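A.B. asks: Starting off with a structure, shown below.
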Amino acid sequence: MSIERITESESHHRDLERMSTAELLLGMNAEDHRVPEAVGRVLPAIEALVEAIVPRMQRGGRLFYMGAGTSGRLGVVDASECPPTFGVPHGLVIGLIAGGDSAIRKAVEFAEDDQEQGWKDLQEHHIGPDDTVIGIAASGTTPYVIGALETCKANGILTAGITCNPGSPVATIPEHPVVVVVGPEFVTGSTRMKSGTAQKLVLNMISTAVMIRLGRVKGNRMVDMQLSNNKLIDRGTRMVMESLHVGYEVANELLRHYGSVRRAIEAGHKL
């Protein structure tokens with residue numbers, strides 16, 4: 001079956017090398033405006049996915065992202081930001097990239113073409129029935145991702161896919177496909193652009209909504225964030241100040257003593 005690869009279709013913009021810098025930037029910006037609209041059209045699919053993930057994670061399940069190249073890197077980034085942002089353990093959200101961690105910085109040739117390696121990578125983490133695997137592939141045809149999704153589905157593991165090509169395997173294999181049709185790229189086939197932006201927006205939504213549903217945000221505050229630098233300690237101190245109506249020094253002392261915004265606020269309310 002032939003798949004129409006919208007992500008590979010020719011750009012609407014011609015003769016880029018003849019454009020001025022201003023023209024290039026205006027063209028890219030115009031294309032970028034299409035991305036949030038495309039994401040908006042798939043909000044019901046994202047909602048259904050989040051609703052499926054939350055009870056599994058409440059039972060101790062984990063969330064896995066899998067991809068190659070830009071897609072893999074975006075998954076790794078989103079996973080790596082969950083512990084400092086929401087205070088969850090490392091290993092609760094895991095990003096896997098074809099070619100291993102070295103591929104985060106430098107492309108590993110043909111790593112994405114191994115259809116069996118994705119499942120092997122998941123087995124190293126002792127993948128289980130309460131886990132969720134989200135394959136990320138702009139083209140929707142990455143063998144590393146396809147093989148993992150097929151095997152996960154056969155083993156009763158919840159699967160989802162984020163792609164920009166309807167009708168592709170990543171749009172048809174998983175139970176929860178999220179298909180964001182952003183159209184041709186400004187530079188033909190350069191899916192690090194609009195497709196990558198769309199994937200980043202969707203990943204932000206999934207992880208943030210899941211963490212909020214798991215109780216990792218109070219009001220609109222990151223009360224479980226890791227206090228890993230002075231900026232975050234200052235931010236946490238101001239959260240405690242606002243919640244307890246105390247001065248900066250008192251709030252800072254509580255925060256440093258209890259080690260988290262949530263515990264500092266809870267302790268402060270008992271004083």
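We label chains A, B, ... in the order they appear in the structure tokens, count residues from 1 in each chain, and number ligands from 1 in the order shown.
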Got a sec to tell me which of segment 26-94 of chain A DSSP assigns to helix (DSSP H, G or I), as a PyMOL selection string?

C.D. replies: chain A and resi 26-32+34-40+43-58+69-86

A.B. asks: Any chance you can output those residues with C-alpha atoms as a PDB file, in the first residue's frame?

C.D. replies:
```pdb
ATOM      1  CA  LEU A  26       8.461  35.608   7.303  1.00  0.00           C
ATOM      2  CA  GLY A  27       7.919  32.401   5.348  1.00  0.00           C
ATOM      3  CA  MET A  28       8.961  30.178   8.235  1.00  0.00           C
ATOM      4  CA  ASN A  29       6.836  32.139  10.672  1.00  0.00           C
ATOM      5  CA  ALA A  30       3.813  31.892   8.396  1.00  0.00           C
ATOM      6  CA  GLU A  31       4.215  28.099   8.251  1.00  0.00           C
ATOM      7  CA  ASP A  32       4.725  27.874  12.009  1.00  0.00           C
ATOM      8  CA  ARG A  34      -0.283  26.427  11.070  1.00  0.00           C
ATOM      9  CA  VAL A  35       1.074  24.153  13.791  1.00  0.00           C
ATOM     10  CA  PRO A  36      -1.050  25.068  16.852  1.00  0.00           C
ATOM     11  CA  GLU A  37      -4.153  24.995  14.683  1.00  0.00           C
ATOM     12  CA  ALA A  38      -3.276  21.474  13.559  1.00  0.00           C
ATOM     13  CA  VAL A  39      -2.671  20.407  17.163  1.00  0.00           C
ATOM     14  CA  GLY A  40      -6.017  21.913  18.144  1.00  0.00           C
ATOM     15  CA  LEU A  43      -7.193  17.506  21.097  1.00  0.00           C
ATOM     16  CA  PRO A  44      -9.827  14.745  21.475  1.00  0.00           C
ATOM     17  CA  ALA A  45      -7.196  12.137  20.552  1.00  0.00           C
ATOM     18  CA  ILE A  46      -4.740  13.591  23.079  1.00  0.00           C
ATOM     19  CA  GLU A  47      -7.475  13.646  25.725  1.00  0.00           C
ATOM     20  CA  ALA A  48      -8.299   9.985  25.152  1.00  0.00           C
ATOM     21  CA  LEU A  49      -4.615   9.084  25.439  1.00  0.00           C
ATOM     22  CA  VAL A  50      -4.132  10.982  28.707  1.00  0.00           C
ATOM     23  CA  GLU A  51      -7.258   9.366  30.146  1.00  0.00           C
ATOM     24  CA  ALA A  52      -5.821   5.953  29.278  1.00  0.00           C
ATOM     25  CA  ILE A  53      -2.356   6.684  30.701  1.00  0.00           C
ATOM     26  CA  VAL A  54      -3.372   8.082  34.104  1.00  0.00           C
ATOM     27  CA  PRO A  55      -4.929   4.961  35.678  1.00  0.00           C
ATOM     28  CA  ARG A  56      -2.003   2.856  34.489  1.00  0.00           C
ATOM     29  CA  MET A  57       0.489   5.204  36.108  1.00  0.00           C
ATOM     30  CA  GLN A  58      -1.610   5.277  39.261  1.00  0.00           C
ATOM     31  CA  GLY A  69      16.435  11.514  15.124  1.00  0.00           C
ATOM     32  CA  THR A  70      14.512  14.681  15.989  1.00  0.00           C
ATOM     33  CA  SER A  71      11.499  12.681  17.173  1.00  0.00           C
ATOM     34  CA  GLY A  72      13.633  10.603  19.513  1.00  0.00           C
ATOM     35  CA  ARG A  73      15.410  13.663  20.891  1.00  0.00           C
ATOM     36  CA  LEU A  74      12.114  15.397  21.608  1.00  0.00           C
ATOM     37  CA  GLY A  75      10.948  12.366  23.571  1.00  0.00           C
ATOM     38  CA  VAL A  76      14.185  12.260  25.555  1.00  0.00           C
ATOM     39  CA  VAL A  77      13.880  15.975  26.347  1.00  0.00           C
ATOM     40  CA  ASP A  78      10.293  15.694  27.561  1.00  0.00           C
ATOM     41  CA  ALA A  79      11.091  12.648  29.684  1.00  0.00           C
ATOM     42  CA  SER A  80      14.187  14.260  31.205  1.00  0.00           C
ATOM     43  CA  GLU A  81      12.230  17.357  32.220  1.00  0.00           C
ATOM     44  CA  CYS A  82       9.599  15.485  34.239  1.00  0.00           C
ATOM     45  CA  PRO A  83      11.712  14.804  37.375  1.00  0.00           C
ATOM     46  CA  PRO A  84      12.911  18.404  37.904  1.00  0.00           C
ATOM     47  CA  THR A  85       9.538  19.916  36.970  1.00  0.00           C
ATOM     48  CA  PHE A  86       7.200  17.582  38.814  1.00  0.00           C
TER      49      PHE A  86
END
```

A.B. asks: Give me, as a tab-separated table, each residue of segment 94-143 of chain A that comes within 10 Å of segment 186-204 of chain A, together with its shortest interatomic pair and the distance in Å at one decimal, counting only C-alpha atoms, with rows ordered by chain and rising residue number.

C.D. replies:
```
residue	atom	partner	partner_atom	distance
A:Ile134	CA	A:Leu203	CA	9.8
A:Ile136	CA	A:Gln199	CA	7.7
A:Ala137	CA	A:Gln199	CA	8.8
A:Ala138	CA	A:Ser195	CA	6.0
A:Ser139	CA	A:Thr191	CA	8.3
```

A.B. asks: Can I get the selection written as a PDB file, in the first residue's frame, with C-alpha atoms?

C.D. replies:
```pdb
ATOM      1  CA  ILE A 134       4.273   6.242  22.678  1.00  0.00           C
ATOM      2  CA  ILE A 136       7.040   9.324  17.804  1.00  0.00           C
ATOM      3  CA  ALA A 137       7.713   9.533  14.070  1.00  0.00           C
ATOM      4  CA  ALA A 138       6.910  12.480  11.826  1.00  0.00           C
ATOM      5  CA  SER A 139       6.855  10.231   8.766  1.00  0.00           C
TER       6      SER A 139
END
```

A.B. asks: Any idea what's packed within 6 Å of segment 160-166 of chain A, counting only C-alpha atoms, ignoring anything in its chain fewer than 6 positions away? Could you give it as a PyMOL selection string?

C.D. replies: chain A and resi 5-6+134-140+174-181

A.B. asks: Go through segment 84-157 of chain A and collect every residue that DSSP, computed from the backbone, puts in strand (DSSP E); the answer should be as number ranges by chain.

C.D. replies: A: 93-97, 132-136

A.B. asks: Please identify all polymer residues within 12 Å of Ala111 of chain A, counting only C-alpha atoms, omitting same-chain residues fewer than 5 positions from it, and present them as a list in words.

C.D. replies: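 Neighbouring residues, sequence-local ones excluded: Gly67, Ala68, Gly69, Gly72, Ile97, Ala98, Gly99, Gly100, Asp101, Ser102, Ala103, Lys106, Glu116, Gln117, Gly118, Thr142, Pro143, Tyr144 and Val145 of chain A.
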
A.B. asks: Looking at only C-alpha atoms, which of A:Leu255, A:Met66, A:Val88, A:Met205 is the one that sits closest to Leu232 of chain A?

C.D. replies: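 Once distances to Leu232 of chain A are computed over only C-alpha atoms, the minimum belongs to A:Leu255.
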
A.B. asks: Can you pull out every residue within 10 Å of Gly268 of chain A, counting only C-alpha atoms, but drop anything in the same chain fewer than 6 positions away, and send it as a ChimeraX atom specification?

C.D. replies: /A:240,243-246,250-251,254-255,262

A.B. asks: Could you tell me how far atom CA of His90 of chain A sits from atom CA of Asn252 of chain A, in Å to one decimal place?

C.D. replies: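 Distance between the two atoms: 26.1 Å.
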
A.B. asks: Mind giving me the straight-line distance from atom CA of Asp121 of chain A to atom CA of Arg213 of chain A in Å, one decimal?

C.D. replies: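 Separation between atom CA of Asp121 of chain A and atom CA of Arg213 of chain A: 28.2 Å.
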
A.B. asks: How far is it from atom CA of Met225 of chain A to atom CA of Gly259 of chain A, in Å with one decimal?

C.D. replies: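 Interatomic distance, atom CA of Met225 of chain A to atom CA of Gly259 of chain A: 10.0 Å.
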
A.B. asks: Measuring atom to atom with only C-alpha atoms, identify which of A:Arg263, A:Lys153, A:His12, A:Arg62 is nearest to Thr132 of chain A.

C.D. replies: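 Closest to Thr132 of chain A, using only C-alpha atoms: A:Arg62.
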